[in-house]
file my_file28.txt (compact mmCIF, C-alpha atoms)
# COMPACT_ATOMS: atom_id res chain seq x y z
CA MET Z 180 -17.98 -5.30 27.46
CA THR Z 181 -16.31 -7.17 30.34
CA MET Z 182 -16.45 -10.35 28.29
CA MET Z 183 -14.82 -8.55 25.36
CA VAL Z 184 -12.00 -7.29 27.59
CA ILE Z 185 -11.44 -10.81 28.97
CA LEU Z 186 -11.51 -12.33 25.47
CA PHE Z 187 -9.14 -9.71 24.11
CA THR Z 188 -6.68 -10.13 27.00
CA ALA Z 189 -6.87 -13.90 26.49
CA VAL Z 190 -6.01 -13.51 22.78
CA VAL Z 191 -2.96 -11.35 23.55
CA ALA Z 192 -1.91 -13.77 26.30
CA ALA Z 193 -2.37 -16.75 23.96
CA VAL Z 194 -0.21 -15.14 21.28
CA GLY Z 195 2.42 -14.48 23.96
CA ALA Z 196 2.20 -18.06 25.19
CA ILE Z 197 2.73 -19.38 21.65
CA GLU Z 198 5.63 -17.11 20.68
CA MET Z 199 7.48 -16.55 23.97
CA PRO Z 200 8.86 -20.06 24.66
CA GLY Z 201 10.65 -20.17 21.30
CA MET Z 202 12.23 -16.76 21.83
CA VAL Z 203 13.25 -17.62 25.41
CA LYS Z 204 14.75 -20.90 24.18
CA ARG Z 205 16.78 -19.08 21.53
CA LYS Z 206 17.71 -16.37 24.07
CA GLN Z 207 16.37 -13.63 21.78
CA VAL Z 208 16.30 -10.88 24.42
CA ARG Z 209 15.80 -8.02 21.96
CA GLU Z 210 12.96 -9.85 20.20
CA ILE Z 211 11.27 -10.47 23.56
CA ALA Z 212 11.55 -6.77 24.46
CA VAL Z 213 10.05 -5.67 21.11
CA PHE Z 214 7.32 -8.32 21.43
CA ILE Z 215 6.38 -7.05 24.90
CA ALA Z 216 6.35 -3.45 23.65
CA ILE Z 217 3.99 -4.34 20.76
CA ALA Z 218 1.83 -6.43 23.13
CA LEU Z 219 1.50 -3.48 25.53
CA LEU Z 220 0.62 -1.15 22.66
CA THR Z 221 -1.95 -3.70 21.48
CA LEU Z 222 -3.44 -3.90 24.99
CA ALA Z 223 -3.64 -0.11 25.21
CA ILE Z 224 -5.26 0.39 21.80
CA GLY Z 225 -7.50 -2.67 22.23
CA LEU Z 226 -8.81 -1.49 25.60
CA TYR Z 227 -9.40 1.97 24.15
CA TYR Z 228 -11.40 0.42 21.30
CA ILE Z 229 -13.47 -1.87 23.52
CA LEU Z 230 -14.12 0.59 26.35
CA THR Z 231 -14.99 3.60 24.16
CA PRO Z 232 -17.02 2.11 21.29
CA HIS Z 233 -18.60 5.38 20.13
CA GLU Z 234 -15.51 7.51 20.44
CA LYS Z 235 -14.25 9.65 17.56
CA SER Z 236 -11.72 8.05 15.18
CA LEU Z 237 -7.95 8.59 15.01
CA ILE Z 238 -8.44 10.35 11.67
CA TYR Z 239 -10.83 12.80 13.36
CA TYR Z 240 -8.23 13.59 16.03
CA THR Z 241 -5.47 13.91 13.42
CA TYR Z 242 -7.50 16.47 11.50
CA LYS Z 243 -8.28 18.33 14.73
CA LEU Z 244 -4.59 18.33 15.66
CA LEU Z 245 -3.60 19.70 12.25
CA GLY Z 246 -6.39 22.31 12.40
CA LEU Z 247 -8.06 20.91 9.27
CA GLU Z 248 -11.76 20.56 8.53
CA LEU Z 249 -12.98 16.98 8.17
CA MET D 185 24.79 -11.91 4.66
CA LEU D 186 21.57 -13.77 3.88
CA SER D 187 21.65 -16.97 1.86
CA ASP D 188 20.14 -16.81 -1.62
CA SER D 189 17.23 -19.08 -0.61
CA LYS D 190 15.98 -16.34 1.73
CA LYS D 191 16.20 -13.69 -0.98
CA ILE D 192 13.98 -12.75 -3.88
CA SER D 193 14.99 -11.40 -7.28
CA ILE D 194 14.43 -7.77 -8.27
CA ARG D 195 11.86 -9.07 -10.77
CA GLN D 196 9.88 -10.76 -7.98
CA ALA D 197 10.15 -7.61 -5.84
CA VAL D 198 8.81 -5.48 -8.68
CA PHE D 199 5.97 -7.97 -9.21
CA ILE D 200 5.02 -7.53 -5.54
CA PHE D 201 5.03 -3.78 -6.13
CA LEU D 202 2.79 -4.12 -9.21
CA THR D 203 0.22 -6.36 -7.50
CA SER D 204 0.21 -4.15 -4.42
CA THR D 205 -0.38 -0.93 -6.34
CA PHE D 206 -3.37 -2.37 -8.21
CA THR D 207 -5.76 -1.87 -5.28
CA PRO D 208 -5.00 1.82 -4.51
CA THR D 209 -4.81 2.56 -8.25
CA ILE D 210 -8.40 1.57 -8.98
CA ARG D 211 -9.73 2.95 -5.71
CA LEU D 212 -8.07 6.33 -5.58
CA ILE D 213 -6.75 7.56 -8.93
CA PRO D 214 -9.94 7.82 -11.06
CA ALA D 215 -12.00 9.96 -8.71
CA TYR D 216 -9.05 12.13 -7.65
CA ALA D 217 -7.77 12.73 -11.19
CA ALA D 218 -11.28 13.42 -12.52
CA GLN D 219 -11.84 16.02 -9.81
CA LYS D 220 -8.58 17.82 -10.56
CA ALA D 221 -8.18 17.53 -14.35
CA LYS D 222 -11.70 16.69 -15.55
CA GLN D 223 -11.68 15.16 -19.08
CA ALA D 224 -7.86 15.48 -19.23
CA ALA D 225 -7.46 13.22 -16.16
CA TRP D 226 -6.33 10.31 -18.31
CA LEU D 227 -3.09 12.18 -19.12
CA SER D 228 -1.97 12.37 -15.47
CA PRO D 229 -0.08 9.01 -15.46
CA LEU D 230 2.28 10.45 -18.10
CA VAL D 231 3.58 12.99 -15.56
CA THR D 232 3.97 10.15 -13.08
CA LEU D 233 5.93 8.12 -15.64
CA VAL D 234 8.67 10.77 -15.73
CA LEU D 235 8.88 10.86 -11.94
CA MET D 236 8.96 7.08 -11.67
CA ILE D 237 11.81 6.78 -14.15
CA LEU D 238 13.69 9.38 -12.11
CA LEU D 239 13.00 7.41 -8.93
CA VAL D 240 14.20 4.17 -10.52
CA LEU D 241 17.45 5.84 -11.60
CA VAL D 242 17.98 7.25 -8.09
CA TRP D 243 17.63 3.78 -6.55
CA GLN D 244 19.92 2.27 -9.16
CA ALA D 245 22.53 4.91 -8.27
CA PHE D 246 22.18 4.07 -4.54
CA TYR D 247 22.69 0.37 -5.19
CA ARG D 248 25.80 0.86 -7.27
CA LYS D 249 27.48 1.82 -4.00
CA TYR D 250 25.41 0.02 -1.36
CA LYS D 251 25.31 -3.50 -2.76
CA ASP D 252 23.64 -5.45 0.05
CA ASN D 253 22.06 -2.79 2.21
CA THR D 254 18.58 -1.70 3.10
CA LEU D 255 17.01 1.72 2.73
CA MET D 256 17.65 2.21 6.47
CA ASP D 257 21.41 1.51 6.15
CA ILE D 258 21.66 3.86 3.17
CA TYR D 259 19.87 6.74 4.93
CA ARG D 260 21.91 6.31 8.11
CA ASP D 261 25.15 6.28 6.16
CA ILE D 262 24.27 9.33 4.08
CA ALA D 263 22.49 11.51 6.65
CA GLY D 264 24.34 10.29 9.73
CA PRO D 265 22.96 8.02 12.48
CA VAL D 266 20.88 10.67 14.31
CA ALA D 267 19.23 12.37 11.32
CA GLY D 268 18.89 9.03 9.52
CA THR D 269 17.17 7.39 12.50
CA ALA D 270 14.86 10.39 12.96
CA VAL D 271 13.74 10.07 9.32
CA LEU D 272 13.29 6.32 9.73
CA VAL D 273 11.03 6.77 12.78
CA VAL D 274 8.71 8.80 10.53
CA TYR D 275 8.87 5.99 7.96
CA LEU D 276 7.99 3.40 10.59
CA LEU D 277 5.01 5.36 11.92
CA TRP D 278 3.70 6.07 8.45
CA LEU D 279 4.07 2.46 7.30
CA VAL D 280 2.05 1.30 10.33
CA VAL D 281 -0.67 3.84 9.51
CA LEU D 282 -0.75 2.74 5.84
CA ASN D 283 -0.89 -0.89 6.91
CA ALA D 284 -3.93 -0.30 9.13
CA LEU D 285 -5.52 1.93 6.49
CA TYR D 286 -5.30 -0.74 3.79
CA ILE D 287 -6.77 -3.37 6.09
CA ARG D 288 -9.71 -1.11 6.82
CA TYR D 289 -10.12 -0.19 3.13
CA PHE D 290 -10.20 -3.86 2.20
CA ALA D 291 -13.05 -4.60 4.60
CA MET D 292 -14.97 -1.40 3.86
CA ARG D 293 -14.84 -2.11 0.12
CA LEU D 294 -16.20 -5.63 0.49
CA VAL D 295 -19.04 -4.33 2.64
CA GLY D 296 -19.68 -1.41 0.29
CA ALA D 297 -19.52 -3.40 -2.95
CA ILE D 298 -21.01 -6.82 -2.25
CA TYR D 299 -21.65 -7.81 1.37
CA VAL D 300 -23.83 -4.89 2.45
CA ASN D 301 -24.75 -4.81 6.19
CA THR D 302 -22.08 -7.39 7.05
CA ASP D 303 -19.88 -6.75 10.06
CA ILE D 304 -16.46 -5.57 8.76
CA ARG D 305 -14.72 -7.34 11.64
CA ILE D 306 -15.43 -10.70 9.96
CA PHE D 307 -13.43 -9.66 6.89
CA ILE D 308 -10.62 -8.02 8.84
CA ILE D 309 -10.12 -11.00 11.13
CA SER D 310 -10.27 -13.50 8.22
CA MET D 311 -7.74 -11.51 6.21
CA LEU D 312 -5.36 -11.05 9.14
CA VAL D 313 -5.44 -14.76 10.01
CA VAL D 314 -4.52 -15.65 6.41
CA VAL D 315 -1.85 -12.93 6.31
CA ALA D 316 -0.28 -14.00 9.64
CA TYR D 317 -0.23 -17.63 8.48
CA THR D 318 1.30 -16.81 5.08
CA MET D 319 3.86 -14.39 6.47
CA ARG D 320 5.40 -17.13 8.58
CA SER D 321 6.49 -18.86 5.35
CA GLY D 322 8.68 -15.86 4.55
CA LEU D 323 9.24 -13.41 1.74
CA PRO D 324 10.35 -15.92 -0.98
CA THR D 325 7.11 -17.92 -0.60
CA LEU D 326 5.05 -14.76 -0.82
CA ALA D 327 7.00 -13.66 -3.91
CA ARG D 328 6.43 -17.03 -5.61
CA PHE D 329 2.73 -16.88 -4.78
CA ASN D 330 2.63 -13.43 -6.27
CA GLU D 331 4.21 -14.71 -9.48
CA VAL D 332 1.01 -16.73 -9.92
CA VAL D 333 -1.31 -13.92 -8.84
CA LEU D 334 0.05 -11.13 -11.05
CA PRO D 335 -0.41 -12.78 -14.48
CA PHE D 336 -3.94 -13.79 -13.42
CA LEU D 337 -4.64 -10.21 -12.34
CA VAL D 338 -3.28 -8.78 -15.60
CA LEU D 339 -5.30 -11.27 -17.68
CA ILE D 340 -8.54 -10.39 -15.87
CA PHE D 341 -7.77 -6.72 -16.20
CA CYS D 342 -7.14 -7.00 -19.97
CA LEU D 343 -10.32 -9.03 -20.51
CA LEU D 344 -12.39 -6.51 -18.58
CA PHE D 345 -10.89 -3.65 -20.57
CA ILE D 346 -11.76 -5.37 -23.86
CA MET D 347 -15.31 -6.06 -22.66
CA MET D 348 -15.71 -2.41 -21.67
CA ILE D 349 -14.77 -1.12 -25.14
CA PRO D 350 -18.34 -1.34 -26.60
CA ASN D 351 -19.49 1.12 -23.91
CA PHE D 352 -16.75 3.64 -24.71
CA ARG D 353 -17.47 7.15 -25.92
CA MET D 354 -14.17 8.60 -27.07
CA ASP D 355 -15.55 12.17 -27.11
CA PHE D 356 -15.52 12.06 -23.27
CA LEU D 357 -11.69 12.25 -23.43
CA THR D 358 -11.69 15.66 -25.09
CA PRO D 359 -11.35 18.67 -25.34
CA ILE D 360 -7.76 19.00 -24.19
CA SER D 361 -5.75 22.18 -24.56
CA VAL D 362 -2.69 23.94 -23.16
CA ARG D 363 -4.86 24.99 -20.24
CA SER D 364 -5.08 21.32 -19.21
CA ILE D 365 -1.37 21.17 -18.32
CA LEU D 366 -1.63 22.52 -14.77
CA PRO D 367 -4.73 20.46 -13.83
CA VAL D 368 -3.02 17.35 -15.23
CA ILE D 369 0.05 18.00 -13.07
CA GLU D 370 -2.26 18.50 -10.07
CA ALA D 371 -4.11 15.27 -10.91
CA SER D 372 -0.81 13.37 -11.15
CA VAL D 373 -0.46 13.64 -7.35
CA ALA D 374 -2.66 10.51 -7.05
CA PRO D 375 -0.73 8.18 -9.39
CA THR D 376 2.57 9.56 -8.08
CA GLY D 377 1.47 9.03 -4.47
CA ILE D 378 1.02 5.37 -5.30
CA ILE D 379 4.02 4.58 -7.50
CA VAL D 380 6.35 5.88 -4.79
CA TYR D 381 5.76 2.56 -2.99
CA PHE D 382 8.59 1.50 -5.28
CA SER D 383 10.98 3.11 -2.77
CA PHE D 384 9.51 1.05 0.07
CA LEU D 385 10.70 -2.11 -1.71
CA PHE D 386 14.22 -1.23 -0.63
CA ILE D 387 13.27 -1.30 3.03
CA PHE D 388 13.98 -5.01 2.57
CA GLY D 389 16.68 -4.30 -0.04
CA ASP D 390 19.09 -6.71 1.67
CA ARG D 391 16.71 -9.53 0.71
CA ILE D 392 16.62 -8.59 -2.97
CA ASN D 393 19.07 -10.13 -5.43
CA ASN D 394 20.55 -8.78 -8.68
CA LYS D 395 19.97 -5.12 -7.87
CA GLU D 396 22.21 -4.14 -10.79
CA SER D 397 19.05 -4.66 -12.90
CA ILE D 398 16.96 -2.08 -11.01
CA SER D 399 17.02 0.44 -13.86
CA LYS D 400 16.33 -2.15 -16.57
CA ILE D 401 13.39 -3.80 -14.79
CA GLY D 402 12.27 -0.59 -13.06
CA ILE D 403 11.86 1.36 -16.29
CA LYS D 404 9.88 -1.48 -17.86
CA THR D 405 7.72 -1.49 -14.72
CA ALA D 406 7.24 2.27 -14.98
CA PHE D 407 5.89 1.92 -18.53
CA PHE D 408 3.71 -1.04 -17.60
CA ASN D 409 2.32 0.80 -14.59
CA THR D 410 1.60 3.87 -16.71
CA ALA D 411 -0.23 1.71 -19.26
CA VAL D 412 -2.36 0.19 -16.47
CA GLN D 413 -3.16 3.57 -14.94
CA LEU D 414 -3.93 5.07 -18.36
CA SER D 415 -6.27 2.23 -19.33
CA ILE D 416 -8.09 2.39 -15.98
CA LEU D 417 -8.63 6.13 -16.38
CA VAL D 418 -9.60 5.83 -20.06
CA SER D 419 -12.06 2.99 -19.37
CA ILE D 420 -13.78 4.97 -16.62
CA ILE D 421 -13.88 8.36 -18.35
CA CYS D 422 -14.94 6.82 -21.67
CA THR D 423 -17.72 4.83 -20.00
CA PHE D 424 -19.47 7.64 -18.16
CA SER D 425 -17.47 10.89 -18.43
CA TYR D 426 -15.43 12.63 -15.75
CA ARG D 427 -18.56 14.18 -14.19
CA ILE D 428 -19.79 10.86 -12.88
CA ALA D 429 -16.26 9.51 -12.24
CA GLN D 430 -15.49 12.34 -9.81
CA ARG D 431 -18.67 11.76 -7.81
CA THR D 432 -18.69 7.96 -7.71
CA GLN D 433 -17.12 6.16 -4.78
CA LEU D 434 -15.79 3.16 -6.73
CA PRO D 435 -15.90 4.31 -10.37
CA TYR D 436 -14.00 1.32 -11.76
CA LEU D 437 -16.44 -1.12 -10.18
CA THR D 438 -19.35 0.93 -11.51
CA ALA D 439 -17.81 0.90 -15.01
CA VAL D 440 -17.36 -2.88 -14.84
CA LYS D 441 -21.02 -3.23 -13.81
CA GLN D 442 -21.94 -1.75 -17.21
CA ILE D 443 -20.33 -4.72 -19.00
CA SER D 444 -22.74 -6.90 -20.89
CA VAL D 445 -21.51 -9.22 -23.65
CA PHE D 446 -24.54 -10.17 -25.81
CA ASN D 447 -26.63 -10.02 -22.61
CA ILE D 448 -25.10 -13.36 -21.62
CA PHE D 449 -21.92 -12.42 -19.80
CA VAL D 450 -23.14 -9.95 -17.15
CA LYS D 451 -22.51 -9.11 -13.47
CA VAL D 452 -18.75 -9.49 -13.82
CA GLU D 453 -18.05 -7.14 -10.90
CA SER D 454 -17.57 -10.16 -8.63
CA ILE D 455 -14.41 -10.96 -10.64
CA VAL D 456 -13.06 -7.48 -9.96
CA VAL D 457 -13.79 -7.82 -6.26
CA SER D 458 -11.98 -11.18 -6.07
CA VAL D 459 -8.96 -9.78 -7.90
CA TRP D 460 -9.12 -6.76 -5.65
CA VAL D 461 -8.97 -9.00 -2.56
CA LEU D 462 -5.79 -10.66 -3.90
CA SER D 463 -4.20 -7.26 -4.40
CA ASP D 464 -5.29 -6.21 -0.89
CA PHE D 465 -3.71 -9.34 0.50
CA MET D 466 -0.43 -8.51 -1.22
CA ILE D 467 -0.36 -4.88 -0.11
CA ILE D 468 -1.11 -5.81 3.51
CA CYS D 469 1.69 -8.42 3.44
CA PHE D 470 4.00 -5.93 1.73
CA PHE D 471 3.55 -3.30 4.46
CA ILE D 472 3.91 -5.89 7.24
CA ILE D 473 7.25 -6.95 5.73
CA CYS D 474 8.29 -3.29 5.55
CA VAL D 475 7.32 -2.56 9.18
CA LEU D 476 9.03 -5.69 10.50
CA SER D 477 12.16 -4.91 8.44
CA VAL D 478 12.36 -1.39 9.91
CA LEU D 479 11.91 -2.85 13.44
CA LYS D 480 14.62 -5.42 12.65
CA SER D 481 16.99 -2.66 11.59
CA PHE D 482 16.19 -0.40 14.59
CA PHE D 483 16.60 -3.02 17.29
CA ARG D 484 19.12 -5.25 15.45
CA LEU D 485 16.79 -8.24 15.68
CA SER D 486 17.92 -11.60 14.37
CA ASP D 487 14.41 -12.82 13.59
CA THR D 488 11.05 -11.05 13.13
CA LYS D 489 8.83 -14.13 12.70
CA PRO D 490 7.73 -14.22 16.37
CA LEU D 491 6.49 -10.62 16.02
CA ILE D 492 4.11 -11.35 13.13
CA SER D 493 1.17 -12.63 15.16
CA ILE D 494 1.22 -9.91 17.84
CA TYR D 495 1.67 -7.24 15.18
CA THR D 496 -1.39 -8.49 13.27
CA VAL D 497 -3.45 -8.34 16.49
CA PHE D 498 -2.19 -4.77 16.96
CA LEU D 499 -3.12 -3.97 13.34
CA TYR D 500 -6.65 -5.25 13.88
CA PHE D 501 -7.30 -2.79 16.69
CA LEU D 502 -5.48 0.06 14.97
CA SER D 503 -7.58 -0.42 11.84
CA MET D 504 -10.73 -0.44 13.97
CA VAL D 505 -9.97 2.83 15.79
CA MET D 506 -8.55 4.49 12.69
CA ALA D 507 -11.80 5.58 11.04
CA ASN D 508 -15.53 5.57 11.60
CA SER D 509 -16.52 5.83 7.94
CA VAL D 510 -15.26 5.51 4.36
CA PHE D 511 -15.64 9.26 4.05
CA GLU D 512 -12.97 9.86 6.74
CA MET D 513 -10.58 7.42 5.08
CA GLU D 514 -11.02 8.98 1.66
CA ARG D 515 -10.38 12.42 3.10
CA LEU D 516 -7.21 11.15 4.79
CA SER D 517 -6.01 9.54 1.55
CA GLU D 518 -6.66 12.58 -0.61
CA ASP D 519 -5.68 15.39 1.79
CA ILE D 520 -2.77 13.88 3.68
CA ALA D 521 -1.71 10.35 2.69
CA LEU D 522 -0.81 11.05 -0.94
CA PHE D 523 1.43 13.96 0.04
CA ILE D 524 3.18 12.05 2.84
CA ASN D 525 3.67 9.14 0.41
CA ILE D 526 5.32 11.48 -2.09
CA LEU D 527 7.45 13.00 0.67
CA LEU D 528 8.68 9.65 1.99
CA GLY D 529 8.76 7.74 -1.27
CA PHE D 530 10.08 10.36 -3.66
CA VAL D 531 11.30 13.60 -2.04
CA ILE D 532 13.38 12.02 0.74
CA PRO D 533 15.15 9.50 -1.54
CA VAL D 534 15.97 12.31 -3.99
CA VAL D 535 17.19 14.58 -1.16
CA MET D 536 19.29 11.70 0.23
CA PHE D 537 20.72 11.15 -3.24
CA VAL D 538 21.69 14.84 -3.51
CA ILE D 539 23.25 14.80 -0.01
CA GLY D 540 25.01 11.55 -0.91
CA LYS D 541 26.44 13.16 -4.04
CA ILE D 542 27.63 16.21 -2.09
CA ARG D 543 29.22 14.01 0.57
CA LYS D 544 30.59 11.72 -2.16
CA LYS D 545 28.83 8.67 -0.76
CA VAL D 546 26.81 7.79 -3.87

call {"tool": "encode", "arguments": {"input": "my_file28.txt", "output": "structure tokens"}}
result
Amino acid sequence: MTMMVILFTAVVAAVGAIEMPGMVKRKQVREIAVFIAIALLTLAIGLYYILTPHEKSLIYYTYKLLGLEL
Amino acid sequence: MLSDSKKISIRQAVFIFLTSTFTPTIRLIPAYAAQKAKQAAWLSPLVTLVLMILLVLVWQAFYRKYKDNTLMDIYRDIAGPVAGTAVLVVYLLWLVVLNALYIRYFAMRLVGAIYVNTDIRIFIISMLVVVAYTMRSGLPTLARFNEVVLPFLVLIFCLLFIMMIPNFRMDFLTPISVRSILPVIEASVAPTGIIVYFSFLFIFGDRINNKESISKIGIKTAFFNTAVQLSILVSIICTFSYRIAQRTQLPYLTAVKQISVFNIFVKVESIVVSVWVLSDFMIICFFIICVLSVLKSFFRLSDTKPLISIYTVFLYFLSMVMANSVFEMERLSEDIALFINILLGFVIPVVMFVIGKIRKKV
């Protein structure tokens, strides 16, 4: 699990390292902000997936929230 | 304004729509329609045809006024910035959900149909790598690629239909009476829930040329789409009746498995799966373009290319946490997704059109 977290963080960091320099060079401040927001969301959802492998699905929680039977 | 080299024609946009709708059409419509309308299920696309023509005319009316705008600009102008943005947030969230759902469906189907006991992550990662790579080339490249894919898809589909004819039992399509009307309308929720993706094309409406032809090309598309949906339903119901269609997970694939031409040409289901993968590829790309276009509009971005790779990584994890089984995904599609699709793809554009008429903006 620790290895998975490291690998996952490395993938997100690598994507950042590939895309960021171009955006910084072109001074795309808004694009950088949106990129960071998506990266943080990805980290959150990725960590949730890796650290809770047998957890219920999003669809299960959606049904529960809406009071529907799955 | 974008240069013409970065734009696609309305014909290419509609082709993307047709290829994209192929995958949900064969996965969802047969079982859903057979459950609701039994032997009359094959009539349900006719109800959808009427609604699609109406939708096409609504979009043509929008684009008479808003020549080079996107769906987002139109909604904001008609409903006002606050209400328009609130509606668009719902669009964004739903498009992300659909995007993840289609990625998961793609992998689940491959595992369910051919590669049993294979880890779905292999398929998801492979698909997302190809999608991320292709998306960097831009919408015109994707549209040109699709111009090659669609005729191939239609040809395969026609050949399969012809080869299925010897297995047909036309008596499975009857009896039909006046009492079939309500079930047919109920069954039309599935085809309607899919054709409303037509509205999502205009999320990148600023990148579509010659929109004055929306009604001309759109109505032809509506008839073509209805013919495809009708022939899929007829081929399934005629092959093994609605009773089996409503209980089978992938009825079209099962019907294709019955094909045997002189006992020489058999096991053609692999062709369907390969065509299916192409359609999955297009629908995943289509929704990524939609999501990135909404983000572009929200945050006034100049370029969305740098966001493609991180968004595909995000999609991978979202698709993994979305569902634990095919059963959950099917329930989501049938109970919730179809209705939200109709709301966002049909009801809201029509409501916006009415508001636009009242406020004299359309």

call {"tool": "residues_around", "arguments": {"input": "my_file28.txt", "residues": "stretch 250-264 of chain D", "least_positions_apart": "6", "cutoff": "10 Å", "atoms": "all atoms listed in the file", "output": "number ranges by chain"}}
result
D: 185-186, 243-244, 270-272, 275, 383-396, 477-478, 481-482, 532-533, 535-546

call {"tool": "residues_around", "arguments": {"input": "my_file28.txt", "residues": "stretch 490-499 of chain D", "least_positions_apart": "3", "cutoff": "10 Å", "atoms": "all atoms listed in the file", "output": "VMD selection string"}}
result
(chain Z and resid 187 190 to 195 197 to 199 201 to 202 210 to 211 213 to 215 217 to 225) or (chain D and resid 280 to 281 283 to 285 287 to 288 308 to 309 311 to 313 315 to 317 319 to 320 472 to 473 475 to 476 479 487 502 to 505)

call {"tool": "atom_distance", "arguments": {"input": "my_file28.txt", "atom1": "atom CA of D:Asp303", "atom2": "atom CA of D:Thr203"}}
result
26.7 Å

call {"tool": "residues_around", "arguments": {"input": "my_file28.txt", "residues": "D:Leu235", "least_positions_apart": "2", "cutoff": "10 Å", "atoms": "all atoms listed in the file", "output": "ChimeraX atom specification"}}
result
/D:229-233,237-241,376,379-380,406,530

call {"tool": "atom_distance", "arguments": {"input": "my_file28.txt", "atom1": "atom CA of D:Leu462", "atom2": "atom CA of D:Asn508"}}
result
24.5 Å

call {"tool": "atom_distance", "arguments": {"input": "my_file28.txt", "atom1": "atom CA of D:Gly322", "atom2": "atom CA of D:Arg195"}}
result
17.1 Å

call {"tool": "residues_around", "arguments": {"input": "my_file28.txt", "residues": "D:Ser458", "least_positions_apart": "3", "cutoff": "12 Å", "atoms": "all atoms listed in the file", "output": "PDB file with C-alpha atoms, in the coordinates of the input"}}
result
ATOM      1  CA  THR D 207      -5.760  -1.870  -5.280  1.00  0.00           C
ATOM      2  CA  PHE D 290     -10.200  -3.860   2.200  1.00  0.00           C
ATOM      3  CA  ARG D 293     -14.840  -2.110   0.120  1.00  0.00           C
ATOM      4  CA  LEU D 294     -16.200  -5.630   0.490  1.00  0.00           C
ATOM      5  CA  ALA D 297     -19.520  -3.400  -2.950  1.00  0.00           C
ATOM      6  CA  ILE D 298     -21.010  -6.820  -2.250  1.00  0.00           C
ATOM      7  CA  VAL D 333      -1.310 -13.920  -8.840  1.00  0.00           C
ATOM      8  CA  PHE D 336      -3.940 -13.790 -13.420  1.00  0.00           C
ATOM      9  CA  LEU D 337      -4.640 -10.210 -12.340  1.00  0.00           C
ATOM     10  CA  ILE D 340      -8.540 -10.390 -15.870  1.00  0.00           C
ATOM     11  CA  PHE D 341      -7.770  -6.720 -16.200  1.00  0.00           C
ATOM     12  CA  LEU D 437     -16.440  -1.120 -10.180  1.00  0.00           C
ATOM     13  CA  VAL D 452     -18.750  -9.490 -13.820  1.00  0.00           C
ATOM     14  CA  GLU D 453     -18.050  -7.140 -10.900  1.00  0.00           C
ATOM     15  CA  SER D 454     -17.570 -10.160  -8.630  1.00  0.00           C
ATOM     16  CA  ILE D 455     -14.410 -10.960 -10.640  1.00  0.00           C
ATOM     17  CA  VAL D 461      -8.970  -9.000  -2.560  1.00  0.00           C
ATOM     18  CA  LEU D 462      -5.790 -10.660  -3.900  1.00  0.00           C
ATOM     19  CA  SER D 463      -4.200  -7.260  -4.400  1.00  0.00           C
ATOM     20  CA  ASP D 464      -5.290  -6.210  -0.890  1.00  0.00           C
ATOM     21  CA  PHE D 465      -3.710  -9.340   0.500  1.00  0.00           C
TER      22      PHE D 465
END
